[in-house]
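Just entry_3.cif here, mmCIF, C-alpha atoms and all ligand atoms:
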data_final
#
loop_
_atom_site.label_atom_id
_atom_site.label_comp_id
_atom_site.auth_asym_id
_atom_site.auth_seq_id
_atom_site.Cartn_x
_atom_site.Cartn_y
_atom_site.Cartn_z
CA MET B 1 -1.32 55.27 70.40
CA ILE B 2 -0.01 51.74 70.75
CA ASN B 3 -2.20 49.16 69.09
CA PHE B 4 -1.78 45.75 70.60
CA ASN B 5 -2.78 42.61 68.82
CA PHE B 6 -4.66 41.16 71.77
CA LYS B 7 -5.21 37.72 70.25
CA ASN B 8 -3.54 35.16 72.56
CA LEU B 9 -1.55 37.88 74.34
CA ARG B 10 -0.72 36.86 77.91
CA ILE B 11 -1.19 39.73 80.38
CA LEU B 12 -0.21 39.43 84.03
CA SER B 13 -1.46 42.13 86.40
CA PHE B 14 0.04 42.79 89.84
CA SER B 15 -1.98 45.09 92.11
CA ALA B 16 -1.44 46.22 95.69
CA HIS B 17 -5.11 46.34 96.65
CA PRO B 18 -8.30 44.97 95.16
CA ASP B 19 -9.60 47.75 92.80
CA ASP B 20 -6.21 49.19 91.68
CA GLU B 21 -6.16 47.21 88.45
CA ILE B 22 -9.70 48.19 87.39
CA GLY B 23 -9.38 51.86 88.35
CA GLY B 24 -6.13 52.27 86.41
CA ALA B 25 -6.39 49.74 83.61
CA GLY B 26 -9.92 48.32 83.62
CA GLY B 27 -10.54 49.57 80.09
CA LEU B 28 -7.36 48.03 78.70
CA LEU B 29 -8.05 44.75 80.50
CA LEU B 30 -11.63 44.59 79.19
CA GLN B 31 -10.49 45.31 75.63
CA ALA B 32 -7.73 42.71 75.94
CA LYS B 33 -10.18 40.09 77.16
CA LYS B 34 -12.60 40.81 74.32
CA GLY B 35 -9.70 40.68 71.85
CA GLY B 36 -8.72 37.15 72.93
CA SER B 37 -5.98 37.77 75.51
CA VAL B 38 -5.35 35.51 78.48
CA LEU B 39 -5.43 37.53 81.72
CA LYS B 40 -4.29 36.83 85.23
CA LEU B 41 -4.84 39.20 88.17
CA VAL B 42 -2.42 38.85 91.06
CA LEU B 43 -3.43 40.62 94.27
CA CYS B 44 -0.21 41.15 96.23
CA LEU B 45 -1.23 42.56 99.62
CA ASP B 46 -3.46 41.34 102.41
CA PRO B 47 -6.41 43.79 102.39
CA ALA B 48 -7.04 43.37 106.16
CA GLU B 49 -7.00 46.74 107.89
CA PRO B 50 -8.68 48.01 111.05
CA ARG B 51 -11.55 50.26 109.99
CA LEU B 52 -13.96 52.26 112.13
CA ASP B 53 -16.88 50.12 111.07
CA LYS B 54 -15.16 46.74 110.50
CA SER B 55 -12.59 44.42 112.04
CA PRO B 56 -9.47 43.62 109.99
CA THR B 57 -10.76 40.11 109.35
CA GLN B 58 -14.14 41.38 108.12
CA GLU B 59 -12.37 43.87 105.89
CA ARG B 60 -10.21 41.08 104.42
CA ILE B 61 -13.19 38.81 103.78
CA THR B 62 -15.21 41.60 102.15
CA ARG B 63 -12.44 42.80 99.90
CA LEU B 64 -11.31 39.33 98.81
CA ARG B 65 -14.92 38.51 97.96
CA GLU B 66 -15.17 41.65 95.84
CA PHE B 67 -11.89 40.77 94.09
CA GLN B 68 -13.26 37.31 93.33
CA LYS B 69 -16.40 38.81 91.75
CA VAL B 70 -14.23 40.93 89.45
CA VAL B 71 -12.14 37.89 88.51
CA GLU B 72 -15.33 35.99 87.66
CA LEU B 73 -16.77 38.79 85.57
CA LEU B 74 -13.48 39.25 83.71
CA ASP B 75 -13.32 35.47 83.36
CA CYS B 76 -9.61 35.30 84.14
CA GLU B 77 -7.11 33.53 86.35
CA SER B 78 -6.10 34.99 89.70
CA SER B 79 -3.71 34.65 92.63
CA TYR B 80 -3.66 36.15 96.09
CA LEU B 81 -0.21 36.52 97.67
CA GLY B 82 -1.35 37.87 101.07
CA MET B 83 1.77 39.97 101.69
CA GLU B 84 1.79 42.45 104.57
CA ARG B 85 0.96 46.08 103.86
CA TYR B 86 3.84 48.50 103.28
CA PRO B 87 6.10 45.72 102.00
CA VAL B 88 9.84 46.24 102.00
CA ILE B 89 11.85 45.57 98.86
CA ASN B 90 13.65 42.37 99.74
CA MET B 91 14.01 38.87 98.31
CA GLU B 92 11.32 37.47 100.58
CA ASN B 93 8.80 39.76 98.88
CA ILE B 94 10.29 39.65 95.37
CA LEU B 95 10.43 35.87 94.97
CA PRO B 96 6.66 35.18 95.14
CA LEU B 97 6.32 37.59 92.19
CA VAL B 98 9.17 35.85 90.36
CA LYS B 99 7.24 32.61 90.77
CA GLU B 100 4.08 34.14 89.30
CA ILE B 101 5.96 35.53 86.29
CA ARG B 102 7.72 32.23 85.60
CA LYS B 103 4.52 30.26 85.93
CA PHE B 104 2.32 32.49 83.75
CA ARG B 105 5.02 33.52 81.21
CA PRO B 106 3.43 36.88 80.28
CA ASP B 107 3.96 38.92 77.11
CA ILE B 108 2.98 42.00 79.13
CA VAL B 109 3.19 42.68 82.85
CA ILE B 110 0.94 45.42 84.15
CA THR B 111 1.14 47.22 87.48
CA LEU B 112 0.85 50.49 89.39
CA SER B 113 2.94 53.58 88.83
CA ASP B 114 5.98 54.15 91.02
CA GLU B 115 5.23 57.87 91.21
CA ASP B 116 1.96 57.23 93.07
CA TYR B 117 1.09 58.78 96.46
CA HIS B 118 0.26 55.51 98.21
CA PRO B 119 3.38 53.79 99.61
CA ASP B 120 1.82 50.35 98.93
CA HIS B 121 1.46 51.30 95.25
CA ARG B 122 5.05 52.46 94.97
CA ALA B 123 6.31 49.38 96.79
CA VAL B 124 4.43 46.96 94.52
CA ALA B 125 5.69 48.81 91.43
CA MET B 126 9.27 48.42 92.70
CA LEU B 127 8.77 44.76 93.60
CA VAL B 128 7.38 44.05 90.13
CA LYS B 129 10.36 45.67 88.39
CA GLU B 130 12.78 43.70 90.56
CA ALA B 131 10.82 40.50 89.98
CA ILE B 132 10.76 40.91 86.18
CA TRP B 133 14.52 41.22 86.08
CA ARG B 134 15.10 38.34 88.50
CA ALA B 135 12.59 36.03 86.77
CA GLY B 136 14.84 36.16 83.69
CA ARG B 137 17.98 35.16 85.53
CA ASN B 138 19.32 31.65 85.56
CA ALA B 139 18.82 31.44 89.33
CA PHE B 140 16.22 30.63 92.01
CA PRO B 141 15.35 27.15 90.65
CA LYS B 142 12.78 26.63 93.41
CA TYR B 143 10.68 29.37 91.80
CA GLY B 144 10.41 27.87 88.29
CA GLN B 145 12.18 28.04 84.94
CA PRO B 146 13.68 31.42 83.98
CA PHE B 147 11.40 33.61 81.89
CA LYS B 148 12.33 36.95 80.33
CA ALA B 149 9.28 39.20 80.36
CA LYS B 150 9.87 42.03 77.90
CA THR B 151 7.21 44.65 78.47
CA LEU B 152 5.95 46.39 81.59
CA ILE B 153 2.97 48.73 81.48
CA GLN B 154 2.18 51.00 84.44
CA TYR B 155 -1.13 52.71 85.13
CA GLU B 156 -2.26 55.58 87.33
CA ALA B 157 -4.11 55.26 90.65
CA ASP B 158 -4.00 57.91 93.39
CA LYS B 159 -1.93 60.37 91.43
CA PRO B 160 -2.15 61.19 87.71
CA MET B 161 1.21 60.39 86.11
CA SER B 162 3.30 63.33 84.98
CA ASN B 163 5.05 61.48 82.17
CA ILE B 164 2.98 59.13 80.10
CA ASP B 165 4.05 57.10 77.09
CA PHE B 166 0.73 56.16 75.56
CA LEU B 167 -3.02 56.55 75.84
CA ARG B 168 -5.68 54.08 75.01
CA ASP B 169 -9.18 55.03 73.92
CA ILE B 170 -11.47 53.02 76.21
CA SER B 171 -14.77 54.70 75.26
CA ASP B 172 -16.25 51.42 73.97
CA VAL B 173 -15.82 49.73 77.38
CA MET B 174 -16.23 52.71 79.76
CA GLN B 175 -19.64 51.56 80.99
CA GLU B 176 -18.31 48.05 81.65
CA LYS B 177 -15.30 49.46 83.46
CA LYS B 178 -17.65 51.41 85.75
CA LYS B 179 -19.62 48.24 86.38
CA LEU B 180 -16.44 46.34 87.35
CA LEU B 181 -15.34 49.16 89.67
CA GLY B 182 -18.81 49.09 91.20
CA LEU B 183 -18.19 45.49 92.29
CA TYR B 184 -15.72 46.93 94.80
CA ASP B 185 -18.70 48.15 96.89
CA SER B 186 -16.81 48.63 100.14
CA GLN B 187 -14.37 51.05 98.52
CA VAL B 188 -16.78 52.82 96.22
CA ASN B 189 -19.09 53.50 99.21
CA ARG B 190 -16.24 55.20 101.09
CA LYS B 191 -15.08 57.30 98.16
CA ASP B 192 -16.69 57.86 94.75
CA LEU B 193 -13.98 56.03 92.83
CA ILE B 194 -16.20 55.53 89.80
CA SER B 195 -16.58 59.27 89.22
CA ALA B 196 -12.87 59.79 89.92
CA ALA B 197 -11.84 57.22 87.29
CA GLU B 198 -14.43 58.47 84.83
CA GLY B 199 -13.26 62.07 85.32
CA LEU B 200 -9.60 61.24 84.85
CA ASN B 201 -10.30 59.09 81.79
CA ARG B 202 -12.46 61.88 80.33
CA PHE B 203 -9.68 64.41 80.95
CA ARG B 204 -7.14 62.15 79.24
CA GLY B 205 -9.45 61.61 76.30
CA ILE B 206 -10.36 65.26 75.74
CA MET B 207 -7.04 66.95 76.49
CA TYR B 208 -4.96 64.53 74.44
CA LYS B 209 -7.54 63.86 71.71
CA ALA B 210 -7.60 60.16 72.48
CA GLY B 211 -11.37 59.61 72.32
CA ASP B 212 -14.20 60.33 74.76
CA TYR B 213 -12.43 58.39 77.53
CA ALA B 214 -8.81 57.25 77.67
CA GLU B 215 -6.44 55.49 80.06
CA ALA B 216 -2.85 56.66 80.34
CA PHE B 217 0.15 54.36 80.65
CA LYS B 218 3.86 54.26 81.00
CA ILE B 219 5.75 51.52 79.16
CA THR B 220 9.14 50.01 79.94
CA GLU B 221 10.92 47.49 77.74
CA PHE B 222 13.33 45.15 79.50
CA PHE B 223 16.57 44.15 77.85
CA TYR B 224 18.59 41.22 79.08
CA GLY B 225 22.25 40.61 78.53
ZN ZN U 301 -4.56 50.80 95.92
#

Written as structure tokens, that's how I'd like the structure from this file.
Ligand SMILES: [Zn+2]
Amino acid sequence: MINFNFKNLRILSFSAHPDDEIGGAGGLLLQAKKGGSVLKLVLCLDPAEPRLDKSPTQERITRLREFQKVVELLDCESSYLGMERYPVINMENILPLVKEIRKFRPDIVITLSDEDYHPDHRAVAMLVKEAIWRAGRNAFPKYGQPFKAKTLIQYEADKPMSNIDFLRDISDVMQEKKKLLGLYDSQVNRKDLISAAEGLNRFRGIMYKAGDYAEAFKITEFFYG
């Protein structure tokens, strides 16, 4: 178990879709906030998508509104990058993330796992890794002063991770995490994401003796020459 000293820790989250960050790391984010960390949630992709019951524009409006409610309840900063779905890994998509990292100057960056099923999740994970490395380089002056972020934490979403580095007991905030996930009405009504997250967190807690409920993470330390 890694015990963070959350006081004044700066945590920058990059998600593909509204709800990723709470499903995978809502417990950690809630504990960090209570412990005195400064959080920022960056939503990378445009959530517009043609649905059977909604136009793409309606879907975008609904999901951005839900994201905003979560930001308000978590009382944190936020950004919306509005990138197209299924982003390719190129400089055009990496540089907006470089700008966010350089502006916020995080101690910890948090994002999705790159072994996930959803191609958007894998793409954002790759973009974040590229952006962390590039943010530290003495280049791209238009995107801010270089900043060397040291720690990346990845969480699980559509697919439980096969190799995890640490677990965090989130039992004390499980009810609040469910409440935050519930703010993503449009998604929760399509699929019971609250029970899915609760079940996975319960499995992690019981099987690995990490408390009643636990979130699983992968951690990568970045070294710069
Ligand atoms: Zn997602």

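Proximity ranking of B:Lys34, B:Arg102, B:His17, B:Lys40 relative to Leu64 of chain B places B:His17 first, based on only C-alpha atoms.
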
Residues within 12 Å of ligand ZN 301 (chain U), counting all atoms listed in the file, as a PyMOL selection string: chain B and resi 14-24+43-47+63+85-86+111-113+116-125+155-159+184+187+193

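For the pair atom CA of Met161 of chain B and atom CA of Glu115 of chain B, the interatomic distance is 7.0 Å.
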
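For the pair atom CA of Tyr80 of chain B and atom CA of Gln68 of chain B, the interatomic distance is 10.1 Å.
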
For atom CA of Lys142 of chain B and atom CA of Val109 of chain B, the interatomic separation in Å (one decimal):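 Atom CA of Val109 of chain B lies 21.5 Å from atom CA of Lys142 of chain B.
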
From B:Gly82, B:Gly26, B:Pro96, B:Gly199, residue lying nearest Pro160 of chain B [all atoms listed in the file]: B:Gly199

Among the residues B:Pro146, B:Pro56, B:Gly211, B:Gly36, the one that comes closest to Asn5 of chain B [using all atoms listed in the file]: B:Gly36

Determine, counting all atoms listed in the file, which protein, DNA and RNA residues have an atom within 10 Å of an atom of segment 163-180 of chain B; residues of the same chain fewer than 2 positions away are not included. Present the result as a PDB file with C-alpha atoms, keeping the file's coordinate frame.
ATOM      1  CA  MET B   1      -1.320  55.270  70.400  1.00  0.00           C
ATOM      2  CA  ILE B   2      -0.010  51.740  70.750  1.00  0.00           C
ATOM      3  CA  ASN B   3      -2.200  49.160  69.090  1.00  0.00           C
ATOM      4  CA  ASP B  19      -9.600  47.750  92.800  1.00  0.00           C
ATOM      5  CA  ILE B  22      -9.700  48.190  87.390  1.00  0.00           C
ATOM      6  CA  GLY B  23      -9.380  51.860  88.350  1.00  0.00           C
ATOM      7  CA  ALA B  25      -6.390  49.740  83.610  1.00  0.00           C
ATOM      8  CA  GLY B  26      -9.920  48.320  83.620  1.00  0.00           C
ATOM      9  CA  GLY B  27     -10.540  49.570  80.090  1.00  0.00           C
ATOM     10  CA  LEU B  28      -7.360  48.030  78.700  1.00  0.00           C
ATOM     11  CA  LEU B  29      -8.050  44.750  80.500  1.00  0.00           C
ATOM     12  CA  LEU B  30     -11.630  44.590  79.190  1.00  0.00           C
ATOM     13  CA  GLN B  31     -10.490  45.310  75.630  1.00  0.00           C
ATOM     14  CA  LYS B  34     -12.600  40.810  74.320  1.00  0.00           C
ATOM     15  CA  GLU B  66     -15.170  41.650  95.840  1.00  0.00           C
ATOM     16  CA  PHE B  67     -11.890  40.770  94.090  1.00  0.00           C
ATOM     17  CA  LYS B  69     -16.400  38.810  91.750  1.00  0.00           C
ATOM     18  CA  VAL B  70     -14.230  40.930  89.450  1.00  0.00           C
ATOM     19  CA  VAL B  71     -12.140  37.890  88.510  1.00  0.00           C
ATOM     20  CA  LEU B  73     -16.770  38.790  85.570  1.00  0.00           C
ATOM     21  CA  LEU B  74     -13.480  39.250  83.710  1.00  0.00           C
ATOM     22  CA  GLU B 115       5.230  57.870  91.210  1.00  0.00           C
ATOM     23  CA  ILE B 153       2.970  48.730  81.480  1.00  0.00           C
ATOM     24  CA  GLN B 154       2.180  51.000  84.440  1.00  0.00           C
ATOM     25  CA  TYR B 155      -1.130  52.710  85.130  1.00  0.00           C
ATOM     26  CA  GLU B 156      -2.260  55.580  87.330  1.00  0.00           C
ATOM     27  CA  PRO B 160      -2.150  61.190  87.710  1.00  0.00           C
ATOM     28  CA  MET B 161       1.210  60.390  86.110  1.00  0.00           C
ATOM     29  CA  GLY B 182     -18.810  49.090  91.200  1.00  0.00           C
ATOM     30  CA  LEU B 183     -18.190  45.490  92.290  1.00  0.00           C
ATOM     31  CA  TYR B 184     -15.720  46.930  94.800  1.00  0.00           C
ATOM     32  CA  ASP B 185     -18.700  48.150  96.890  1.00  0.00           C
ATOM     33  CA  LEU B 193     -13.980  56.030  92.830  1.00  0.00           C
ATOM     34  CA  ILE B 194     -16.200  55.530  89.800  1.00  0.00           C
ATOM     35  CA  SER B 195     -16.580  59.270  89.220  1.00  0.00           C
ATOM     36  CA  ALA B 197     -11.840  57.220  87.290  1.00  0.00           C
ATOM     37  CA  GLU B 198     -14.430  58.470  84.830  1.00  0.00           C
ATOM     38  CA  ASN B 201     -10.300  59.090  81.790  1.00  0.00           C
ATOM     39  CA  ARG B 202     -12.460  61.880  80.330  1.00  0.00           C
ATOM     40  CA  ARG B 204      -7.140  62.150  79.240  1.00  0.00           C
ATOM     41  CA  GLY B 205      -9.450  61.610  76.300  1.00  0.00           C
ATOM     42  CA  TYR B 208      -4.960  64.530  74.440  1.00  0.00           C
ATOM     43  CA  LYS B 209      -7.540  63.860  71.710  1.00  0.00           C
ATOM     44  CA  ALA B 210      -7.600  60.160  72.480  1.00  0.00           C
ATOM     45  CA  GLY B 211     -11.370  59.610  72.320  1.00  0.00           C
ATOM     46  CA  ASP B 212     -14.200  60.330  74.760  1.00  0.00           C
ATOM     47  CA  TYR B 213     -12.430  58.390  77.530  1.00  0.00           C
ATOM     48  CA  ALA B 214      -8.810  57.250  77.670  1.00  0.00           C
ATOM     49  CA  GLU B 215      -6.440  55.490  80.060  1.00  0.00           C
ATOM     50  CA  ALA B 216      -2.850  56.660  80.340  1.00  0.00           C
ATOM     51  CA  PHE B 217       0.150  54.360  80.650  1.00  0.00           C
ATOM     52  CA  LYS B 218       3.860  54.260  81.000  1.00  0.00           C
ATOM     53  CA  ILE B 219       5.750  51.520  79.160  1.00  0.00           C
ATOM     54  CA  THR B 220       9.140  50.010  79.940  1.00  0.00           C
TER      55      THR B 220
END

Distance query Ala131 of chain B at most 7 Å, only C-alpha atoms, self and fewer than 5 positions along chain excluded, as a VMD selection string: chain B and resid 94 to 95 97 to 98

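For the residues B:Ala48, B:Arg134, B:Gln145, B:Leu152, ranking by smallest atom-to-atom distance to Met83 of chain B using all atoms listed in the file places B:Ala48 first.
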
Selection as a ChimeraX atom specification: residues within 10 Å of (-10.4, 47.3, 107.6), counting only C-alpha atoms: /B:47-63,186

Expected residue set, 12 Å radius at (17.6, 38.7, 85.5), all atoms listed in the file, as a list in words: Val98, Arg102, Lys129, Glu130, Ala131, Ile132, Trp133, Arg134, Ala135, Gly136, Arg137, Asn138, Ala139, Phe140, Gln145, Pro146, Phe147, Lys148, Ala149, Lys150, Phe222, Phe223, Tyr224 and Gly225 of chain B
